[in-house]
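Notes for the one structure printed next.
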Amino acid sequence: MKKLSARRRHPLAALVVLLLALACTGGLYAAFAPADKAQADETAQSLAIDEGKKLYAVGCASCHGTGGQGTTDGPSLVGVGAAAVDFQVGTGRMPAQQPGAQVPRKKVIYSQAEIDQLAAYVASLGAGPAIPTEEQYGPEGADIAEGGELFRTNCAQCHNFTGKGGALTHGKYAPTLEDVDPKHIYEAMQTGPQNMPSFPDTTLSEENKKDIIAYLNAVNGEETESPGGLSLGGLGPVTEGLFGWIFGLGTCIAVAVWVAARTAKAKKS
């Protein structure tokens, strides 16, 4: 009797087995890895909120209320978002030293990690503007000329046309925008701190905000030159006219007095 020949495998069988193994591995990864990452992110966020709540209870609750609902000494923080916290605390305006017409910028007392934790807690109280990314406020791809037009239309009335700041009513003022972190300028436009109106994306788009920040960097940068001579604070024609009136007219009067004195002395001699 002839021996039965061994049954031969199809040449594509090995390839099919390999593809099935890869599919199973990918399926397991898709089933478990993203879930693990999402769980880790959620845990980290929960820890940040818990730590932020502790910092809030010590430094903020006395004015803004134990749950951020606000008191007679401070407004509600429900819905202000993480961007408002990053701006106010990141510029040293909060915690405030004392009540007044306006809270000034001062030395920052919290680390950036603590600010992020406070922001996470306040953001958990209600939806609001998020902290912008560097891509949103960075100068790459910005239109400086467009930013200048937007700034002069929307901001120069208070901050003057180069961002040097200016006085408002009842002891309030528009602060200078020199040496201000671009992130904080973006957040100020998002949230409208203190006397400033807010400019959400429906009013000024992300591109508009980026253009404005690029313009401010251009006019207040270290390499910026003033072709007109003395900038006199960049406050415009009122300051320039006052300078001309006091020093120009004063010089003319002094010269006139000197000429008259010399003439009278010459006549006596």
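Here, A, B, ... name the chains of the structure tokens in the order displayed, residue numbers run from 1 inside each chain, and ligands are numbered from 1 in the same displayed order.
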Next on the checklist: So that I can see what lies close to Ala119 of chain A, please list as a PyMOL selection string the residues with an atom at most 10 Å from it, counting only C-alpha atoms and leaving out residues fewer than 5 positions away in the same chain.
Outcome noted: chain A and resi 48-49+52-53+56+80-87+89+113-114+124+130-131
Checklist entry - Could you pull out the strand (DSSP E) residues of segment 48-258 of chain A from DSSP and send them as JSON, numbers by chain? => result {"A": [166, 167, 173, 174]}
Checklist entry - Hey, which of A:Gly250, A:Gly147, A:Pro95, A:Pro182 ends up closest to Thr162 of chain A? Count only C-alpha atoms. => result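 For Thr162 of chain A, the nearest of the candidates is A:Gly147.
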Item to check | Residues near Lys210 of chain A, cut-off 9 Å, only C-alpha atoms, skip fewer than 5 positions along chain, as a PyMOL selection string | outcome: chain A and resi 136-144+147+182+186+205+215
Item to check | helix (DSSP H, G or I) positions in segment 45-255 of chain A, given as a PyMOL selection string | outcome: chain A and resi 45-59+61-64+81-90+112-125+134-137+144-154+156-159+182-191+206-220+232-234+237-255
Export of the given selection (C-alpha atoms) as an mmCIF file, in the first residue's frame:
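Final file, out.cif:
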data_model
loop_
_atom_site.group_PDB
_atom_site.id
_atom_site.type_symbol
_atom_site.label_atom_id
_atom_site.label_comp_id
_atom_site.auth_asym_id
_atom_site.auth_seq_id
_atom_site.Cartn_x
_atom_site.Cartn_y
_atom_site.Cartn_z
ATOM 1 C CA GLN A 45 -6.951 66.176 36.690
ATOM 2 C CA SER A 46 -8.754 65.088 39.847
ATOM 3 C CA LEU A 47 -5.554 65.443 41.870
ATOM 4 C CA ALA A 48 -4.956 68.921 40.410
ATOM 5 C CA ILE A 49 -8.503 69.954 41.335
ATOM 6 C CA ASP A 50 -8.096 68.623 44.885
ATOM 7 C CA GLU A 51 -4.812 70.478 45.367
ATOM 8 C CA GLY A 52 -6.282 73.610 43.812
ATOM 9 C CA LYS A 53 -9.222 73.451 46.197
ATOM 10 C CA LYS A 54 -6.820 73.438 49.151
ATOM 11 C CA LEU A 55 -4.939 76.452 47.796
ATOM 12 C CA TYR A 56 -8.239 78.197 47.100
ATOM 13 C CA ALA A 57 -9.473 77.654 50.657
ATOM 14 C CA VAL A 58 -6.369 79.368 52.043
ATOM 15 C CA GLY A 59 -5.853 82.227 49.609
ATOM 16 C CA ALA A 61 -12.203 81.757 49.814
ATOM 17 C CA SER A 62 -12.286 84.696 52.224
ATOM 18 C CA CYS A 63 -13.251 87.048 49.373
ATOM 19 C CA HIS A 64 -14.787 84.779 46.725
ATOM 20 C CA GLY A 81 -12.623 79.657 33.437
ATOM 21 C CA ALA A 82 -8.996 78.675 33.859
ATOM 22 C CA ALA A 83 -7.742 81.580 31.707
ATOM 23 C CA ALA A 84 -9.027 84.172 34.184
ATOM 24 C CA VAL A 85 -7.208 82.470 37.057
ATOM 25 C CA ASP A 86 -3.976 82.136 35.076
ATOM 26 C CA PHE A 87 -4.119 85.852 34.218
ATOM 27 C CA GLN A 88 -5.080 87.232 37.626
ATOM 28 C CA VAL A 89 -2.794 85.013 39.708
ATOM 29 C CA GLY A 90 -0.039 84.805 37.086
ATOM 30 C CA GLN A 112 3.135 78.018 37.913
ATOM 31 C CA ALA A 113 2.261 74.515 39.132
ATOM 32 C CA GLU A 114 0.130 75.989 41.919
ATOM 33 C CA ILE A 115 -1.493 78.429 39.491
ATOM 34 C CA ASP A 116 -2.391 75.495 37.242
ATOM 35 C CA GLN A 117 -3.964 73.709 40.200
ATOM 36 C CA LEU A 118 -5.995 76.780 41.186
ATOM 37 C CA ALA A 119 -7.075 77.164 37.570
ATOM 38 C CA ALA A 120 -8.145 73.513 37.427
ATOM 39 C CA TYR A 121 -10.299 73.923 40.539
ATOM 40 C CA VAL A 122 -11.977 77.129 39.377
ATOM 41 C CA ALA A 123 -12.573 75.604 35.932
ATOM 42 C CA SER A 124 -14.362 72.720 37.637
ATOM 43 C CA LEU A 125 -16.915 75.186 39.072
ATOM 44 C CA GLU A 134 1.631 78.886 22.671
ATOM 45 C CA GLU A 135 0.411 78.236 19.147
ATOM 46 C CA GLN A 136 -2.521 80.571 19.777
ATOM 47 C CA TYR A 137 -0.541 83.577 21.029
ATOM 48 C CA ILE A 144 1.544 92.866 12.314
ATOM 49 C CA ALA A 145 -0.117 95.497 10.100
ATOM 50 C CA GLU A 146 -3.542 93.937 10.643
ATOM 51 C CA GLY A 147 -2.803 93.755 14.362
ATOM 52 C CA GLY A 148 -2.039 97.474 14.419
ATOM 53 C CA GLU A 149 -5.371 98.322 12.797
ATOM 54 C CA LEU A 150 -7.257 96.067 15.204
ATOM 55 C CA PHE A 151 -5.429 97.510 18.215
ATOM 56 C CA ARG A 152 -6.070 101.117 17.203
ATOM 57 C CA THR A 153 -9.753 100.296 16.633
ATOM 58 C CA ASN A 154 -10.437 98.289 19.784
ATOM 59 C CA ALA A 156 -5.983 102.381 21.780
ATOM 60 C CA GLN A 157 -8.791 104.417 23.373
ATOM 61 C CA CYS A 158 -7.641 103.172 26.780
ATOM 62 C CA HIS A 159 -4.112 101.785 26.326
ATOM 63 C CA PRO A 182 1.877 87.380 25.409
ATOM 64 C CA LYS A 183 -0.117 84.608 27.075
ATOM 65 C CA HIS A 184 -1.485 87.066 29.619
ATOM 66 C CA ILE A 185 -2.394 89.582 26.900
ATOM 67 C CA TYR A 186 -4.335 86.841 25.113
ATOM 68 C CA GLU A 187 -6.069 85.845 28.371
ATOM 69 C CA ALA A 188 -6.982 89.464 29.096
ATOM 70 C CA MET A 189 -8.700 89.707 25.708
ATOM 71 C CA GLN A 190 -10.487 86.430 26.424
ATOM 72 C CA THR A 191 -11.717 87.260 29.921
ATOM 73 C CA GLU A 206 -7.816 83.676 17.470
ATOM 74 C CA GLU A 207 -5.985 85.073 14.439
ATOM 75 C CA ASN A 208 -7.014 88.629 15.376
ATOM 76 C CA LYS A 209 -5.677 88.202 18.914
ATOM 77 C CA LYS A 210 -2.417 86.792 17.593
ATOM 78 C CA ASP A 211 -2.067 89.761 15.208
ATOM 79 C CA ILE A 212 -2.606 92.254 18.037
ATOM 80 C CA ILE A 213 0.003 90.565 20.222
ATOM 81 C CA ALA A 214 2.478 90.577 17.319
ATOM 82 C CA TYR A 215 1.858 94.314 16.817
ATOM 83 C CA LEU A 216 2.528 95.067 20.495
ATOM 84 C CA ASN A 217 5.738 93.053 20.354
ATOM 85 C CA ALA A 218 6.791 95.039 17.287
ATOM 86 C CA VAL A 219 6.155 98.519 18.711
ATOM 87 C CA ASN A 220 7.468 97.797 22.218
ATOM 88 C CA LEU A 232 7.393 111.135 25.489
ATOM 89 C CA GLY A 233 5.713 107.984 26.751
ATOM 90 C CA GLY A 234 3.942 107.391 23.456
ATOM 91 C CA PRO A 237 -0.339 114.796 20.572
ATOM 92 C CA VAL A 238 -1.507 116.071 23.971
ATOM 93 C CA THR A 239 1.788 115.220 25.599
ATOM 94 C CA GLU A 240 3.769 116.460 22.620
ATOM 95 C CA GLY A 241 1.815 119.730 22.553
ATOM 96 C CA LEU A 242 2.294 120.242 26.299
ATOM 97 C CA PHE A 243 6.016 119.619 25.915
ATOM 98 C CA GLY A 244 6.223 122.124 23.067
ATOM 99 C CA TRP A 245 4.154 124.702 24.972
ATOM 100 C CA ILE A 246 6.127 124.528 28.215
ATOM 101 C CA PHE A 247 9.664 124.134 26.868
ATOM 102 C CA GLY A 248 9.267 125.869 23.511
ATOM 103 C CA LEU A 249 7.359 128.881 24.788
ATOM 104 C CA GLY A 250 9.460 128.919 27.963
ATOM 105 C CA THR A 251 12.627 129.082 25.885
ATOM 106 C CA CYS A 252 11.203 131.945 23.803
ATOM 107 C CA ILE A 253 10.303 133.893 26.948
ATOM 108 C CA ALA A 254 13.744 133.307 28.446
ATOM 109 C CA VAL A 255 15.435 134.514 25.249
#
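Pairwise distance (atom CA of Gly92 of chain A, atom CA of Tyr110 of chain A) equals 8.4 Å.
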Checklist entry - Between A:Val103, A:Leu177, A:Val257, A:Ala264, which one has atoms that come closest to Gln194 of chain A, using only C-alpha atoms? => result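 Nearest candidate to Gln194 of chain A out of A:Val103, A:Leu177, A:Val257, A:Ala264: A:Val103.
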Item to check | Between atom CA of Pro132 of chain A and atom CA of Asp179 of chain A - distance in Å to one decimal | outcome: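 These two atoms are separated by 18.5 Å.
Checking A:Gly68, A:Gly163, A:Pro200, A:Gly79 one by one against Gly221 of chain A, counting only C-alpha atoms, you find the shortest gap at A:Gly163.
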